[in-house]
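Printed here is run.tsv (TSV, C-alpha atoms):
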```tsv
chain	number	residue	atom	x	y	z
A	1	MET	CA	-11.76	6.38	24.60
A	2	THR	CA	-10.36	9.69	25.75
A	3	LEU	CA	-11.98	13.02	24.85
A	4	THR	CA	-9.73	16.06	24.76
A	5	PHE	CA	-9.97	19.57	23.37
A	6	ARG	CA	-7.59	21.86	21.58
A	7	ASN	CA	-7.71	25.39	20.28
A	8	ALA	CA	-7.57	25.78	16.53
A	9	ASN	CA	-4.52	27.33	14.94
A	10	ARG	CA	-3.85	28.89	11.56
A	11	GLU	CA	-2.97	25.50	10.07
A	12	ASP	CA	-6.55	24.35	10.83
A	13	VAL	CA	-8.28	26.76	8.45
A	14	SER	CA	-9.21	23.99	6.00
A	15	LEU	CA	-10.49	21.78	8.82
A	16	ILE	CA	-12.61	24.62	10.20
A	17	LEU	CA	-14.20	25.13	6.78
A	18	THR	CA	-14.81	21.39	6.52
A	19	TYR	CA	-16.72	21.43	9.82
A	20	ILE	CA	-18.70	24.52	8.83
A	21	LYS	CA	-19.80	22.65	5.71
A	22	LYS	CA	-20.63	19.49	7.70
A	23	LEU	CA	-22.93	21.52	9.95
A	24	ALA	CA	-24.52	23.29	6.98
A	25	GLU	CA	-25.14	19.94	5.28
A	26	TYR	CA	-26.79	18.59	8.46
A	27	GLU	CA	-29.04	21.68	8.53
A	28	ASN	CA	-29.86	21.33	4.81
A	29	ARG	CA	-28.25	24.72	4.18
A	30	LEU	CA	-25.04	23.80	2.37
A	31	ASP	CA	-26.04	26.02	-0.55
A	32	GLU	CA	-25.80	29.05	1.79
A	33	VAL	CA	-22.13	28.54	2.66
A	34	VAL	CA	-19.95	31.15	1.00
A	35	ALA	CA	-17.18	30.94	3.59
A	36	THR	CA	-13.64	30.56	2.27
A	37	GLU	CA	-10.37	29.56	3.88
A	38	LYS	CA	-9.06	33.07	3.22
A	39	ALA	CA	-12.02	34.66	5.04
A	40	ILE	CA	-11.69	32.28	7.99
A	41	GLU	CA	-8.00	33.04	8.26
A	42	LYS	CA	-8.70	36.79	8.14
A	43	TRP	CA	-11.50	36.90	10.71
A	44	VAL	CA	-10.49	34.10	13.09
A	45	PHE	CA	-6.71	34.38	13.10
A	46	ASP	CA	-5.71	37.80	11.76
A	47	ARG	CA	-8.47	39.91	13.32
A	48	LYS	CA	-9.28	37.49	16.18
A	49	GLN	CA	-13.04	37.98	15.90
A	50	ALA	CA	-13.88	34.35	16.71
A	51	GLU	CA	-12.32	31.30	18.35
A	52	VAL	CA	-12.52	27.64	17.44
A	53	ILE	CA	-12.11	24.63	19.68
A	54	PHE	CA	-11.85	21.08	18.38
A	55	ALA	CA	-13.05	17.99	20.23
A	56	LEU	CA	-10.78	14.98	19.82
A	57	GLU	CA	-11.34	11.33	20.61
A	58	ASP	CA	-8.02	9.60	21.10
A	59	GLU	CA	-6.33	12.53	19.31
A	60	LYS	CA	-8.65	12.35	16.26
A	61	VAL	CA	-10.74	15.46	15.58
A	62	ILE	CA	-14.42	14.48	15.87
A	63	GLY	CA	-16.13	17.85	16.30
A	64	PHE	CA	-15.78	21.57	16.72
A	65	ALA	CA	-17.25	24.71	18.22
A	66	LEU	CA	-16.87	28.26	16.92
A	67	PHE	CA	-17.72	31.18	19.19
A	68	PHE	CA	-17.31	34.94	19.40
A	69	LEU	CA	-18.11	37.74	21.82
A	70	SER	CA	-21.05	40.07	21.81
A	71	PHE	CA	-22.02	42.69	24.37
A	72	SER	CA	-25.12	42.88	26.54
A	73	THR	CA	-26.15	46.34	27.66
A	74	TYR	CA	-28.57	44.84	30.18
A	75	ILE	CA	-25.81	43.12	32.12
A	76	SER	CA	-22.95	45.41	31.00
A	77	ASN	CA	-20.78	42.45	30.14
A	78	VAL	CA	-19.70	40.39	27.19
A	79	ASN	CA	-21.47	37.24	26.08
A	80	MET	CA	-19.92	34.14	24.61
A	81	HIS	CA	-22.02	33.50	21.52
A	82	LEU	CA	-21.72	29.95	20.24
A	83	GLU	CA	-22.19	30.16	16.48
A	84	ASP	CA	-21.53	26.55	15.55
A	85	LEU	CA	-21.20	23.24	17.35
A	86	PHE	CA	-20.95	19.95	15.49
A	87	ILE	CA	-19.99	16.42	16.45
A	88	ASP	CA	-19.45	13.90	13.66
A	89	PRO	CA	-22.51	11.58	13.49
A	90	GLU	CA	-20.58	8.41	14.27
A	91	TYR	CA	-19.39	9.95	17.57
A	92	ARG	CA	-22.77	11.16	18.80
A	93	GLY	CA	-24.49	9.56	21.77
A	94	LYS	CA	-21.28	9.45	23.80
A	95	GLY	CA	-21.79	12.73	25.65
A	96	TYR	CA	-19.22	14.57	23.55
A	97	GLY	CA	-21.57	17.42	22.62
A	98	LYS	CA	-22.36	18.01	26.27
A	99	SER	CA	-18.66	17.81	27.14
A	100	LEU	CA	-17.89	20.42	24.51
A	101	LEU	CA	-20.62	22.69	25.91
A	102	LYS	CA	-19.15	22.16	29.41
A	103	LYS	CA	-15.71	23.15	28.10
A	104	LEU	CA	-17.17	26.34	26.62
A	105	ALA	CA	-19.06	27.08	29.85
A	106	LYS	CA	-15.80	26.74	31.79
A	107	ILE	CA	-14.12	29.21	29.44
A	108	ALA	CA	-17.00	31.67	29.90
A	109	VAL	CA	-16.75	31.38	33.69
A	110	GLU	CA	-12.93	31.63	33.75
A	111	ARG	CA	-13.01	34.73	31.54
A	112	ASP	CA	-15.82	36.30	33.58
A	113	TYR	CA	-18.25	36.55	30.66
A	114	GLY	CA	-21.78	37.47	31.63
A	115	ARG	CA	-23.64	34.96	29.52
A	116	PHE	CA	-23.19	31.91	27.27
A	117	GLU	CA	-25.72	31.95	24.47
A	118	TRP	CA	-26.52	30.32	21.15
A	119	THR	CA	-29.31	29.85	18.67
A	120	CYS	CA	-30.80	26.60	17.44
A	121	ILE	CA	-32.60	26.01	14.20
A	122	SER	CA	-36.31	25.74	14.99
A	123	TRP	CA	-36.89	22.21	13.63
A	124	ASN	CA	-34.09	20.59	15.66
A	125	LYS	CA	-36.27	19.32	18.52
A	126	PRO	CA	-33.70	16.82	19.88
A	127	SER	CA	-31.17	19.64	20.34
A	128	ILE	CA	-33.77	22.00	21.82
A	129	ASP	CA	-34.84	19.31	24.29
A	130	PHE	CA	-31.22	18.62	25.19
A	131	TYR	CA	-30.44	22.31	25.75
A	132	LYS	CA	-33.43	22.64	28.04
A	133	SER	CA	-32.33	19.52	29.96
A	134	ILE	CA	-29.02	21.18	30.88
A	135	GLY	CA	-30.76	24.31	32.14
A	136	ALA	CA	-30.66	26.53	29.04
A	137	GLN	CA	-33.61	28.88	28.72
A	138	GLN	CA	-35.29	29.64	25.44
A	139	LYS	CA	-35.88	33.38	25.26
A	140	ASP	CA	-38.60	35.08	23.27
A	141	TRP	CA	-36.31	36.75	20.75
A	142	ASN	CA	-36.53	36.31	17.00
A	143	VAL	CA	-33.26	36.44	15.09
A	144	PHE	CA	-33.19	38.62	11.98
A	145	HIS	CA	-30.52	38.73	9.28
A	146	LEU	CA	-29.63	41.27	6.62
A	147	THR	CA	-27.23	39.87	4.05
A	148	GLY	CA	-26.20	40.36	0.46
A	149	ILE	CA	-28.34	42.70	-1.62
A	150	ASN	CA	-30.68	43.56	1.27
A	151	LEU	CA	-27.77	44.61	3.48
A	152	LYS	CA	-26.31	46.75	0.70
A	153	LYS	CA	-29.70	48.24	-0.09
A	154	LEU	CA	-30.23	49.41	3.49
A	155	ALA	CA	-26.66	50.73	3.73
A	156	ASP	CA	-27.15	52.75	0.53
A	157	GLU	CA	-30.47	54.32	1.54
A	158	ASP	CA	-30.55	58.10	1.84
```

Write out the structure in this file as structure tokens.
Amino acid sequence: MTLTFRNANREDVSLILTYIKKLAEYENRLDEVVATEKAIEKWVFDRKQAEVIFALEDEKVIGFALFFLSFSTYISNVNMHLEDLFIDPEYRGKGYGKSLLKKLAKIAVERDYGRFEWTCISWNKPSIDFYKSIGAQQKDWNVFHLTGINLKKLADED
């Protein structure tokens, strides 16, 4: 079996949405997905606010990663923020997730990014243990979100 990677292109919008939904289903959060193909096309391909890489086994797509850049004032450099990483269940246990993380790390190094970061849902102990085993450090930050009505409410405050 040969593992390769390829960058997503505009024709992959449907496939990207499929993988977003697969990850959300795994996390028991499918009901939260409001993403559309049109929105993915706009933000990933038209406005280039994120990138997607697919993992392929013998030319068959078996996983994906979606990342974007953020900025760290502390290091005065950009960060690669991994938003989503998912390997189809039947292809797990072959080192493909680690290989995909290595591919992303290489991109971060080649592009001179200051940090490679991601979040992990708190109940996913196997992933947390794996991340720690490759040298990732769990920082003491809590992630907060404002969405929907709460986002609008704050924006509209006088």

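Restricting the calculation to only C-alpha atoms, the smallest distance between Phe64 in chain A and any of A:Glu32, A:Glu117, A:Asp129, A:Asp12 is found for A:Asp12.
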
Under the rule that all atoms listed in the file are counted, which of A:Thr18, A:Thr4, A:Gln138, A:Gln49 is the nearest residue to Tyr96 in chain A?
A:Thr4

For range 19-23 of chain A, what centre and edge lengths in Å (one decimal) does the axis-aligned box get once 3 Å is added on each side of all its listed atoms, as AutoDock Vina command-line options?
```
--center_x -19.8 --center_y 22.0 --center_z 7.8 --size_x 12.2 --size_y 11.0 --size_z 10.2
```

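Using only C-alpha atoms, the residues found no farther than 12 Å from Ile134 in chain A, other than those of its own chain fewer than 4 positions away, are Gly97, Lys98, Ser99, Leu101, Lys102, Ala105, Ser127, Ile128, Asp129, Phe130 and Gln138 of chain A.
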
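When the distance limit is 10 Å and only C-alpha atoms are what count, the residues near range 140-152 of chain A, minus those fewer than 4 positions from it on the same chain, are Thr119, Asp156 and Glu157 of chain A.
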
Would you kindly return, as an MDAnalysis selection string, each protein, DNA or RNA residue with an atom no farther than 12 Å from any atom of Lys21 in chain A, considering all atoms listed in the file and excluding same-chain residues fewer than 4 positions away?
chainID A and resid 14:17 25:37 64 84:86 88

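Taking CA of Ile20 in chain A as the reference point, CA of Gly93 in chain A is found at 20.6 Å.
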
Tell me which protein, DNA and RNA residues are within 6 Å of Leu56 in chain A, counting only C-alpha atoms, leaving out same-chain ones fewer than 5 positions away, and put them as a PDB file with C-alpha atoms, keeping the file's coordinate frame.
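Result written to part-v1.pdb:
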```
ATOM      1  CA  LEU A   3     -11.980  13.020  24.850  1.00  0.00           C
ATOM      2  CA  THR A   4      -9.730  16.060  24.760  1.00  0.00           C
ATOM      3  CA  PHE A   5      -9.970  19.570  23.370  1.00  0.00           C
ATOM      4  CA  VAL A  61     -10.740  15.460  15.580  1.00  0.00           C
ATOM      5  CA  ILE A  62     -14.420  14.480  15.870  1.00  0.00           C
TER       6      ILE A  62
END
```

Range 47-76 of chain A rebuilt with N, CA and C atoms, output as a PDB file, in the coordinates of the input:
```pdb
ATOM      1  N   ARG A  47      -7.723  38.892  12.573  1.00  0.00           N
ATOM      2  CA  ARG A  47      -8.470  39.910  13.320  1.00  0.00           C
ATOM      3  C   ARG A  47      -9.035  39.409  14.645  1.00  0.00           C
ATOM      4  N   LYS A  48      -8.886  38.114  14.903  1.00  0.00           N
ATOM      5  CA  LYS A  48      -9.280  37.490  16.180  1.00  0.00           C
ATOM      6  C   LYS A  48     -10.724  37.830  16.594  1.00  0.00           C
ATOM      7  N   GLN A  49     -11.638  37.681  15.648  1.00  0.00           N
ATOM      8  CA  GLN A  49     -13.040  37.980  15.900  1.00  0.00           C
ATOM      9  C   GLN A  49     -13.838  36.747  16.327  1.00  0.00           C
ATOM     10  N   ALA A  50     -13.222  35.587  16.289  1.00  0.00           N
ATOM     11  CA  ALA A  50     -13.880  34.350  16.710  1.00  0.00           C
ATOM     12  C   ALA A  50     -12.790  33.376  17.167  1.00  0.00           C
ATOM     13  N   GLU A  51     -13.223  32.369  17.915  1.00  0.00           N
ATOM     14  CA  GLU A  51     -12.320  31.300  18.350  1.00  0.00           C
ATOM     15  C   GLU A  51     -12.939  29.969  17.982  1.00  0.00           C
ATOM     16  N   VAL A  52     -12.080  28.984  17.781  1.00  0.00           N
ATOM     17  CA  VAL A  52     -12.520  27.640  17.440  1.00  0.00           C
ATOM     18  C   VAL A  52     -11.835  26.654  18.364  1.00  0.00           C
ATOM     19  N   ILE A  53     -12.632  25.723  18.863  1.00  0.00           N
ATOM     20  CA  ILE A  53     -12.110  24.630  19.680  1.00  0.00           C
ATOM     21  C   ILE A  53     -12.516  23.324  19.008  1.00  0.00           C
ATOM     22  N   PHE A  54     -11.571  22.406  18.920  1.00  0.00           N
ATOM     23  CA  PHE A  54     -11.850  21.080  18.380  1.00  0.00           C
ATOM     24  C   PHE A  54     -11.997  20.082  19.517  1.00  0.00           C
ATOM     25  N   ALA A  55     -12.910  19.135  19.334  1.00  0.00           N
ATOM     26  CA  ALA A  55     -13.050  17.990  20.230  1.00  0.00           C
ATOM     27  C   ALA A  55     -12.321  16.828  19.565  1.00  0.00           C
ATOM     28  N   LEU A  56     -11.550  16.099  20.348  1.00  0.00           N
ATOM     29  CA  LEU A  56     -10.780  14.980  19.820  1.00  0.00           C
ATOM     30  C   LEU A  56     -11.039  13.730  20.645  1.00  0.00           C
ATOM     31  N   GLU A  57     -11.279  12.626  19.950  1.00  0.00           N
ATOM     32  CA  GLU A  57     -11.340  11.330  20.610  1.00  0.00           C
ATOM     33  C   GLU A  57     -10.054  10.612  20.268  1.00  0.00           C
ATOM     34  N   ASP A  58      -9.312  10.256  21.297  1.00  0.00           N
ATOM     35  CA  ASP A  58      -8.020   9.600  21.100  1.00  0.00           C
ATOM     36  C   ASP A  58      -7.182  10.318  20.035  1.00  0.00           C
ATOM     37  N   GLU A  59      -7.131  11.642  20.157  1.00  0.00           N
ATOM     38  CA  GLU A  59      -6.330  12.530  19.310  1.00  0.00           C
ATOM     39  C   GLU A  59      -6.857  12.703  17.890  1.00  0.00           C
ATOM     40  N   LYS A  60      -8.031  12.155  17.576  1.00  0.00           N
ATOM     41  CA  LYS A  60      -8.650  12.350  16.260  1.00  0.00           C
ATOM     42  C   LYS A  60      -9.749  13.390  16.396  1.00  0.00           C
ATOM     43  N   VAL A  61      -9.724  14.426  15.539  1.00  0.00           N
ATOM     44  CA  VAL A  61     -10.740  15.460  15.580  1.00  0.00           C
ATOM     45  C   VAL A  61     -12.092  14.847  15.206  1.00  0.00           C
ATOM     46  N   ILE A  62     -13.085  15.060  16.091  1.00  0.00           N
ATOM     47  CA  ILE A  62     -14.420  14.480  15.870  1.00  0.00           C
ATOM     48  C   ILE A  62     -15.533  15.532  15.970  1.00  0.00           C
ATOM     49  N   GLY A  63     -15.136  16.788  16.197  1.00  0.00           N
ATOM     50  CA  GLY A  63     -16.130  17.850  16.300  1.00  0.00           C
ATOM     51  C   GLY A  63     -15.482  19.189  16.529  1.00  0.00           C
ATOM     52  N   PHE A  64     -16.315  20.225  16.509  1.00  0.00           N
ATOM     53  CA  PHE A  64     -15.780  21.570  16.720  1.00  0.00           C
ATOM     54  C   PHE A  64     -16.842  22.493  17.290  1.00  0.00           C
ATOM     55  N   ALA A  65     -16.374  23.611  17.802  1.00  0.00           N
ATOM     56  CA  ALA A  65     -17.250  24.710  18.220  1.00  0.00           C
ATOM     57  C   ALA A  65     -16.568  26.005  17.809  1.00  0.00           C
ATOM     58  N   LEU A  66     -17.357  26.930  17.285  1.00  0.00           N
ATOM     59  CA  LEU A  66     -16.870  28.260  16.920  1.00  0.00           C
ATOM     60  C   LEU A  66     -17.696  29.267  17.705  1.00  0.00           C
ATOM     61  N   PHE A  67     -17.014  30.180  18.402  1.00  0.00           N
ATOM     62  CA  PHE A  67     -17.720  31.180  19.190  1.00  0.00           C
ATOM     63  C   PHE A  67     -17.057  32.538  19.061  1.00  0.00           C
ATOM     64  N   PHE A  68     -17.811  33.563  19.416  1.00  0.00           N
ATOM     65  CA  PHE A  68     -17.310  34.940  19.400  1.00  0.00           C
ATOM     66  C   PHE A  68     -17.976  35.696  20.538  1.00  0.00           C
ATOM     67  N   LEU A  69     -17.547  36.928  20.749  1.00  0.00           N
ATOM     68  CA  LEU A  69     -18.110  37.740  21.820  1.00  0.00           C
ATOM     69  C   LEU A  69     -19.099  38.749  21.274  1.00  0.00           C
ATOM     70  N   SER A  70     -20.127  38.973  22.048  1.00  0.00           N
ATOM     71  CA  SER A  70     -21.050  40.070  21.810  1.00  0.00           C
ATOM     72  C   SER A  70     -21.162  40.824  23.134  1.00  0.00           C
ATOM     73  N   PHE A  71     -21.913  41.897  23.157  1.00  0.00           N
ATOM     74  CA  PHE A  71     -22.020  42.690  24.370  1.00  0.00           C
ATOM     75  C   PHE A  71     -23.480  42.854  24.752  1.00  0.00           C
ATOM     76  N   SER A  72     -23.775  42.686  26.028  1.00  0.00           N
ATOM     77  CA  SER A  72     -25.120  42.880  26.540  1.00  0.00           C
ATOM     78  C   SER A  72     -25.175  44.171  27.348  1.00  0.00           C
ATOM     79  N   THR A  73     -25.983  45.103  26.901  1.00  0.00           N
ATOM     80  CA  THR A  73     -26.150  46.340  27.660  1.00  0.00           C
ATOM     81  C   THR A  73     -26.882  46.074  28.957  1.00  0.00           C
ATOM     82  N   TYR A  74     -27.782  45.109  28.978  1.00  0.00           N
ATOM     83  CA  TYR A  74     -28.570  44.840  30.180  1.00  0.00           C
ATOM     84  C   TYR A  74     -27.703  44.386  31.344  1.00  0.00           C
ATOM     85  N   ILE A  75     -26.679  43.607  31.054  1.00  0.00           N
ATOM     86  CA  ILE A  75     -25.810  43.120  32.120  1.00  0.00           C
ATOM     87  C   ILE A  75     -24.447  43.816  32.114  1.00  0.00           C
ATOM     88  N   SER A  76     -24.230  44.686  31.141  1.00  0.00           N
ATOM     89  CA  SER A  76     -22.950  45.410  31.000  1.00  0.00           C
ATOM     90  C   SER A  76     -21.763  44.466  31.042  1.00  0.00           C
TER      91      SER A  76
END
```
